[in-house]
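Visitor: For reference, the structure I am asking about is given below.
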Amino acid sequence: MAFVVQRPKLNLAEKLYLPAVLGGLLLTIRHFFKGAAGRNVTMQYPEVKWDDHLPEWYRGAPTLVADEWGRERCVSCQLCEFICPPRAITITPEEIPNSDPWAKVEKRPKEFEIDMIRCIYCGLCEEVCPEQAIYLRKDYSITGYTRAEMKHDKAKLYELGGVKAGVVNKWNEKK
Amino acid sequence: MSLFLFWVFAAMMLAFGAGVVLLRNPVSSAMCLVMSFLGLASLFFTLDAYFIGIIQILVYAGAVMVLFLFIIMLLDLKAERARKFNIPAMAGGIAVLAGFVGILYKVLASNAEYLHAKPAFTVPFTSDVKAVGAALFTQFNLPFQIIGVLLLVATIGVVVLSKKELK
Amino acid sequence: MDISSFLFQPSVFLIWTSLVKTLFILFGAILPLVSLAVFAERKVSAFIQDRVGPNRVGAPTSLVGFKKDYSLWGLGQMVADPIKLLLKENFIPKSVNKFYYYIAPKLTMIPPLLVLAVIPFGSSFLGVPMVIANVDIGILFVFAVSSLGVYGIVLAGWASNSKYPFLGGIRSSSQMISYELALGLSVVPIFLICGTLNLSQIVDWQVKNGWLIAPFAVGGGSLSLVQRVLLWIPMVISFVIFLVSMFAETNRTPFDLPEAEQELIGGYHTEYSSMGFALFFLGEYAAMIAGSGVIVTLFFGGWSLPFIPDGSSHWLFGLTNIPDWLPGVVWGFVNINVFFAKVSLFIFFFIWVRWTVPRFRYDQLMKLGWIYFFEIALANIFLAALVLVYIK
Ligand code: SF4
Ligand code: SF4
């Protein structure tokens, strides 16, 4: 069905535009003086930060975490590597030697690399990980001067992630 | 000084005038015409006829040629490729040119008075704007009025044509 | 013949004073004003939108051993912006028409600079009138030269050989045709009233009779109050039409259709980078300054301010034991500053309007120019003539 938009009838003052333009000018000049007096809402970023207000679920840089006993939680299943949309993750798995107390876990990452130039902070790696080993933390200011610097290796990832206690623990002495 | 300027601007006018005809790109031709108008206006300036000169720029270079350029751009004319010599056309052109120069020569030679520059035109006004106005409204009032009516008719015609739905 | 008597020969004197004035206008006024205007544009727009705008680039004093850098409210941006533009790669697309692509930016920049030649930017300074070319056809020269500015835009649009610039060029030419007319007609009442086209004389008239936007001079003038009110009516109409047409002429919002970022990317300068783009930028802002100068000269009394004497005055607060030339220098200097202060106010107004009024649609613009402004300006001429007949 055709739908006819009724144009409002304008009176003379509206047709002349000028009153509306003047009204607009008054409005903007008020904002101008407000801004010139320094009452604007901009935060001066590097000096003032919003960090305290970041929500719990904030998706910052992906990191690897260790559990309370110092075991790296990642078992190198490579699910995250496969799901990562921009293919930012590269994992080199290795077998855990029998001498290791956690030998029954069987696998761990030898090298775990996230290319932070590629990562889009989507959080799918965290979502997919069966071991709750990878988490997006609150670091958002990831910068570097070279491409190599922007590749987070395993050490860097654990440094950023730290220890995450209190999550489901699949691997203890009894299991 | 002013003689030197005359030669400079006359040369500029003629060179760009030739450019209008010789260049193959329509936009270049139009721009040459603009430059030639500017040269003409400068010639008026050297004669102290500032008003005429500036009107020349305002009307021809500033308005008419902009419309020209507008149309040329809309028509999207491609640059013409240089054509081969067309002997009859060339001969015809040269004949016309020679005829024109001949007539010019005849006229100029017919009276010794034409061989010398006229004495400077003196007007009883300090400003040439006033002089033009006075000439238009006293000496040439009738032609001026007639032109005014002509222009008015043309304007009304345009308004009527653009308003009426053509059936 | 020694050097000073050579310098004071009339024709030589004219040449070198004109040169000095030209250099002053170019490097002392236009270039600083342009970069200031660009900075003001960013700052004012930020304030209007409740932001802070550029506030970092300032004096890098820590480089020369100080403890701290001073940001100076971001004023360093005035220098940083041009440097950024100059250092960029001057990228030239492959299929442009090289010749016109090169000259188009220059063509947009030259006319506004030429316009400034006839605008009196001060009264007089040591007896030298503060206008580069005091020609009788003043305002016609302004219109003629500024109408040439459109060639740069049209040629840029055509030579870029790409569709958005082309549309920008087309829009520009048709916009200019429709506004030039209203612009020219709207100032005819001024000539009727002042009886001259010469901008300096128009300013002199305003010094005696009051600014044309409100011709109520205190004291001077030979007109009665009723006559002044009658004169005022056509002047206000003229002013509104002239102002709005000026916005169209200088391609400023709400009539910036040739560059309309949202529709045409950047319009005619889409394909330009680095210096070419900088020249367009410079041209646009110089046109804004020239336009403001014309408005100030025609309607706001040029360099004059009530109760401020001009450069030929011999009065300096009643002081007696001062050299004879001192009052002239002081007031000449004040007059120049008054002029540029008024121009700056108008530039602020241009910016203010840009961040207030949304862009007009194309048909609205044409309608406004051809149907309303043209007719009103025409009627206004008759109105002014009638008023003058009544007065005289
Ligand atoms: S957050 Fe997304 S993009 Fe980044 S590493 Fe994880 S899966 Fe890949
Ligand atoms: S981080 Fe999680 S998903 Fe990725 S390899 Fe390790 S255990 Fe598997």
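Each chain in the structure tokens gets a letter, A, B and so on, in the order shown; residues start at 1 in every chain, and ligands are counted from 1 in the order they appear.
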Can you tell me which residues sit at most 10 Å away from ligand 2, counting only C-alpha atoms and all ligand atoms, written as a PyMOL selection string?

Guide: chain A and resi 62-65+72-84+89-93+107-109+112+124-135

Visitor: Do you have, as a Markdown table, the list of residues of chain C lying at most 6 Å from chain B, each with its nearest atom pair and that distance in Å to one decimal, counting only C-alpha atoms and ordered by chain then number?

Guide:
```
| residue | atom | partner | partner_atom | distance |
| --- | --- | --- | --- | --- |
| C:Ala144 | CA | B:Leu58 | CA | 4.3 |
| C:Ser147 | CA | B:Gly62 | CA | 5.1 |
| C:Leu148 | CA | B:Gly62 | CA | 5.4 |
```

Visitor: Would you save the residues of that selection, restricted to N, CA, C and O atoms, as a PDB file, in the first residue's frame?

Guide:
```
ATOM      1  N   ALA C 144      34.519  40.565 -10.419  1.00  0.00           N
ATOM      2  CA  ALA C 144      35.095  39.991 -11.632  1.00  0.00           C
ATOM      3  C   ALA C 144      36.166  38.975 -11.285  1.00  0.00           C
ATOM      4  O   ALA C 144      36.179  37.852 -11.792  1.00  0.00           O
ATOM      5  N   SER C 147      34.936  35.858  -9.506  1.00  0.00           N
ATOM      6  CA  SER C 147      34.197  34.943 -10.368  1.00  0.00           C
ATOM      7  C   SER C 147      35.146  34.073 -11.182  1.00  0.00           C
ATOM      8  O   SER C 147      34.763  33.017 -11.669  1.00  0.00           O
ATOM      9  N   LEU C 148      36.405  34.504 -11.297  1.00  0.00           N
ATOM     10  CA  LEU C 148      37.376  33.667 -12.018  1.00  0.00           C
ATOM     11  C   LEU C 148      37.814  32.480 -11.165  1.00  0.00           C
ATOM     12  O   LEU C 148      38.366  31.512 -11.679  1.00  0.00           O
TER      13      LEU C 148
END
```

Visitor: Considering only C-alpha atoms, can you say which of C:Ala341, C:Leu365, C:Ile48, C:Leu192 comes closest to Val353 (chain C)?

Guide: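 Closest candidate: C:Ile48.
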
Visitor: Give me the residues within 12 Å of Thr146 (chain A) as a PDB file with C-alpha atoms, in the first residue's frame, counting only C-alpha atoms and dropping any in the same chain fewer than 6 places off.

Guide:
```pdb
ATOM      1  CA  ASP A 115      50.203 -11.886  16.708  1.00  0.00           C
ATOM      2  CA  MET A 116      48.687  -8.791  18.243  1.00  0.00           C
ATOM      3  CA  ILE A 117      48.666  -6.990  14.904  1.00  0.00           C
TER       4      ILE A 117
END
```

Visitor: Write out as a VMD selection string the residues lying within 8 Å of Pro86 (chain A), counting only C-alpha atoms and excluding same-chain residues fewer than 3 positions away.

Guide: chain A and resid 118 to 120

Visitor: Residues of the last selection are to be written out with C-alpha atoms, as a PDB file, in the first residue's frame.

Guide:
```
ATOM      1  CA  ARG A 118      46.185  -9.602  13.703  1.00  0.00           C
ATOM      2  CA  CYS A 119      44.152 -10.210  16.833  1.00  0.00           C
ATOM      3  CA  ILE A 120      40.769  -8.555  16.715  1.00  0.00           C
TER       4      ILE A 120
END
```

Visitor: Give the strand (DSSP E) residues of region 111-322 of chain C, as assigned by DSSP on the backbone, as a PyMOL selection string.

Guide: chain C and resi 124-125+128-129
